[in-house]
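Student: Quick one: the structure is below, questions incoming.
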Amino acid sequence: MANRASDKITRICDNAWMCRSGSAADTQNVAAYVSRLAEEHAVSVSSAAAGADERLTCDVRLVANLTKTIAYENKERLQAGMIIAGWDRKLGPQVYGIPLGGALVEAPFTVGGSGSAYVYGWCDDTFKKDMSRAEAEAWVTRAISLAIARDASSGGVIRLVTIDGNGCERRMIQPIEQPLCDDELPQIKRAADVEMMT
């Protein structure tokens, strides 16, 4: 990563987001193209009676299939792994993994990118269905903090997007707020603390 604080989560429409790994240029272009197609489709099927302030929502499975199609048809030119997650009225919460090569896997959760190799086992062991929102956010935060601790390419800040029937909420968790990993030293808050330690 060129920047450990880079944002790897991209809004496709109000209820569907893409997590990106691999080549930033490839995934940014795929996200922009999918977003345009999905928004055009959402506008074309939206009700004429909908209010002007109604959120632009997409069919999450359609977004995942558009992403998969682009990834598969360009599999020899793209270095892009993506996750599509969202919520819609038809199917509720959904998560789709689109790894290199353009497969499409629907799952209760998925991980991707270089840090995923360090946390897949932990995620498999600790995942449980029907988590509360707070439990799910804490679980994702812990998984990402473990990846960050072991993989130099996994970034430094944790960015969460929580999506449900009420909309989405973005949050950023600074390194000082992240849970510590095994034998990790806590981050020093101030220069005065450094002087106290020496």
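Identifiers in the structure tokens: chain A, B, ... in order shown; residue index from 1 per chain; ligand index from 1 in order shown.
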If you run DSSP on the backbone here, which positions in stretch 43-110 of chain A get alpha helix (DSSP H)? Please write them as a list in words.

Tutor: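 Filtering stretch 43-110 of chain A down to alpha helix (DSSP H) leaves Val43, Ser44, Val45, Val60, Arg61, Leu62, Val63, Ala64, Asn65, Leu66, Thr67, Lys68, Thr69, Ile70, Ala71, Tyr72 and Glu73 of chain A.
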
Student: Quick one: of A:Val45, A:Val34, A:Ala85, A:Leu180, who's nearest to A:Ala16, counting only C-alpha atoms?

Tutor: A:Ala85

Student: Which is closest to A:Ala149 among A:Gly121, A:Asn166, A:Lys128, A:Pro179, if we use only C-alpha atoms?

Tutor: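 Smallest distance to A:Ala149 is found for A:Pro179.
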
Student: Which polymer residues have any atom within 7 Å of an atom of A:Lys68, counting only C-alpha atoms, with same-chain residues fewer than 6 positions away left out, as a list in words?

Tutor: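 Everything that qualifies: Ile98, Gly102, Ala103 and Leu104 of chain A.
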
Student: Could the residues in this selection be written to a file with N, CA and C atoms, as a PDB file, in the first residue's frame?

Tutor:
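After the write, out.pdb holds the following:
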```pdb
ATOM      1  N   ILE A  98     -15.882 -11.915  -4.548  1.00  0.00           N
ATOM      2  CA  ILE A  98     -15.483 -12.031  -5.955  1.00  0.00           C
ATOM      3  C   ILE A  98     -13.958 -12.031  -5.971  1.00  0.00           C
ATOM      4  N   GLY A 102     -12.785 -13.838 -11.038  1.00  0.00           N
ATOM      5  CA  GLY A 102     -14.174 -13.523 -11.306  1.00  0.00           C
ATOM      6  C   GLY A 102     -15.201 -14.556 -10.895  1.00  0.00           C
ATOM      7  N   ALA A 103     -14.913 -15.396  -9.915  1.00  0.00           N
ATOM      8  CA  ALA A 103     -15.951 -16.275  -9.364  1.00  0.00           C
ATOM      9  C   ALA A 103     -16.893 -15.424  -8.506  1.00  0.00           C
ATOM     10  N   LEU A 104     -18.037 -15.969  -8.159  1.00  0.00           N
ATOM     11  CA  LEU A 104     -18.978 -15.275  -7.279  1.00  0.00           C
ATOM     12  C   LEU A 104     -19.402 -16.246  -6.193  1.00  0.00           C
TER      13      LEU A 104
END
```

Student: Suppose you want the space between atom CA of A:Ile83 and atom CA of A:Thr67; what is it in Å?

Tutor: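 Atom CA of A:Ile83 sits 9.2 Å away from atom CA of A:Thr67.
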
Student: Identify which of the residues A:Ala134, A:Ile158, A:Ala25, A:Ile9 lies closest to A:Leu78, counting only C-alpha atoms when measuring atom-to-atom distances.

Tutor: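 Residue with the minimum atom-to-atom distance to A:Leu78: A:Ala25.
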
Student: From the options A:Val161, A:Val43, A:Trp139, A:Val63, which residue's atoms come nearest to A:Asp125, counting only C-alpha atoms?

Tutor: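 Counting only C-alpha atoms, the residue closest to A:Asp125 is A:Trp139.
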
Student: Neighbouring residues of A:Val95 were defined as those with any atom within 9 Å, considering only C-alpha atoms; residues of the same chain fewer than 5 positions away were excluded. Please report them as an MDAnalysis selection string.

Tutor: chainID A and resid 60:61 64 83:87 105:110

Student: What parts of stretch 1-142 of chain A does DSSP call strand (DSSP E or B)? I'd like the answer as a ChimeraX atom specification.

Tutor: /A:9-13,16-22,80-88,92-98,105-106

Student: Determine, counting only C-alpha atoms, which protein, DNA and RNA residues have an atom within 12 Å of an atom of A:Ser21; residues of the same chain fewer than 4 positions away are not included. Present the result as an MDAnalysis selection string.

Tutor: chainID A and resid 1 6:10 25:28 30:31 78:84 97:100 111:116 153:155

Student: Could you write those residues out with C-alpha atoms, as a PDB file, in the first residue's frame?

Tutor:
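New file out_17.pdb:
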```pdb
ATOM      1  CA  MET A   1       0.000   0.000   0.000  1.00  0.00           C
ATOM      2  CA  SER A   6      -6.165   4.534   2.215  1.00  0.00           C
ATOM      3  CA  ASP A   7      -9.880   3.860   1.929  1.00  0.00           C
ATOM      4  CA  LYS A   8     -10.586   0.429   0.434  1.00  0.00           C
ATOM      5  CA  ILE A   9     -14.371   0.633   0.848  1.00  0.00           C
ATOM      6  CA  THR A  10     -16.342   2.214  -1.998  1.00  0.00           C
ATOM      7  CA  ALA A  25      -6.335   1.313 -10.144  1.00  0.00           C
ATOM      8  CA  ASP A  26      -8.148  -1.842 -11.267  1.00  0.00           C
ATOM      9  CA  THR A  27     -10.565  -1.937  -8.345  1.00  0.00           C
ATOM     10  CA  GLN A  28     -11.291   1.794  -8.442  1.00  0.00           C
ATOM     11  CA  VAL A  30     -14.355  -1.545 -11.592  1.00  0.00           C
ATOM     12  CA  ALA A  31     -16.135   0.194  -8.696  1.00  0.00           C
ATOM     13  CA  LEU A  78      -7.245  -7.324 -13.728  1.00  0.00           C
ATOM     14  CA  GLN A  79      -5.562  -7.846 -10.384  1.00  0.00           C
ATOM     15  CA  ALA A  80      -8.724  -7.289  -8.410  1.00  0.00           C
ATOM     16  CA  GLY A  81     -10.449  -9.076  -5.548  1.00  0.00           C
ATOM     17  CA  MET A  82     -13.687  -7.550  -4.312  1.00  0.00           C
ATOM     18  CA  ILE A  83     -16.409  -8.079  -1.745  1.00  0.00           C
ATOM     19  CA  ILE A  84     -19.919  -6.741  -2.307  1.00  0.00           C
ATOM     20  CA  GLY A  97     -16.982 -12.560  -2.492  1.00  0.00           C
ATOM     21  CA  ILE A  98     -15.483 -12.031  -5.955  1.00  0.00           C
ATOM     22  CA  PRO A  99     -11.869 -13.270  -5.829  1.00  0.00           C
ATOM     23  CA  LEU A 100      -9.246 -12.968  -8.567  1.00  0.00           C
ATOM     24  CA  VAL A 111     -12.491 -11.927   3.711  1.00  0.00           C
ATOM     25  CA  GLY A 112     -10.085 -10.905   0.979  1.00  0.00           C
ATOM     26  CA  GLY A 113      -6.738  -9.324   0.296  1.00  0.00           C
ATOM     27  CA  SER A 114      -3.290 -10.108   1.604  1.00  0.00           C
ATOM     28  CA  GLY A 115      -4.351  -9.933   5.258  1.00  0.00           C
ATOM     29  CA  SER A 116      -7.067 -12.555   4.778  1.00  0.00           C
ATOM     30  CA  SER A 153      -0.203  -4.312   3.445  1.00  0.00           C
ATOM     31  CA  SER A 154      -3.439  -4.378   5.445  1.00  0.00           C
ATOM     32  CA  GLY A 155      -3.425  -0.709   6.329  1.00  0.00           C
TER      33      GLY A 155
END
```

Student: Considering only C-alpha atoms, return as a list in words whatever protein or nucleic-acid residues lie within 12 Å of A:Ala136, sequence-local ones (same chain, fewer than 3 positions apart) excluded.

Tutor: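 Within the cut-off, the hits are Pro108, Phe109, Cys123, Thr126, Phe127, Lys128, Lys129, Asp130, Met131, Ser132, Arg133, Trp139, Val140, Thr141, Arg142, Ala143, Leu160, Val161, Thr162 and Ile163 of chain A.
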
Student: Find the residues near A:Gln174: any atom within 8 Å, counting only C-alpha atoms, skip ones fewer than 3 places away on the same chain, and give them as a tab-separated table (two decimals) with C-alpha atoms, in the first residue's frame.

Tutor:
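Result written to selection-v2.tsv:
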```
chain	number	residue	atom	x	y	z
A	156	GLY	CA	-3.43	1.12	9.63
A	157	VAL	CA	-6.93	2.43	10.26
A	158	ILE	CA	-10.06	0.31	10.35
A	177	GLU	CA	-8.62	2.68	19.49
A	178	GLN	CA	-8.01	-0.78	18.02
```

Student: At what distance in Å, to one decimal, does atom CA of A:Asn15 lie from atom CA of A:Pro93?

Tutor: 9.7 Å

Student: Between A:Cys168, A:Ala147, A:Cys58, A:Leu91, which has the minimum distance to A:Ile12 (counting only C-alpha atoms)?

Tutor: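 Checking each of A:Cys168, A:Ala147, A:Cys58, A:Leu91 against A:Ile12, counting only C-alpha atoms, the winner is A:Cys58.
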
Student: Rounded to one decimal place, report the atom CA of A:Ala138-atom CA of A:Ile173 distance in Å.

Tutor: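 Pair atom CA of A:Ala138 / atom CA of A:Ile173 returns 11.2 Å.
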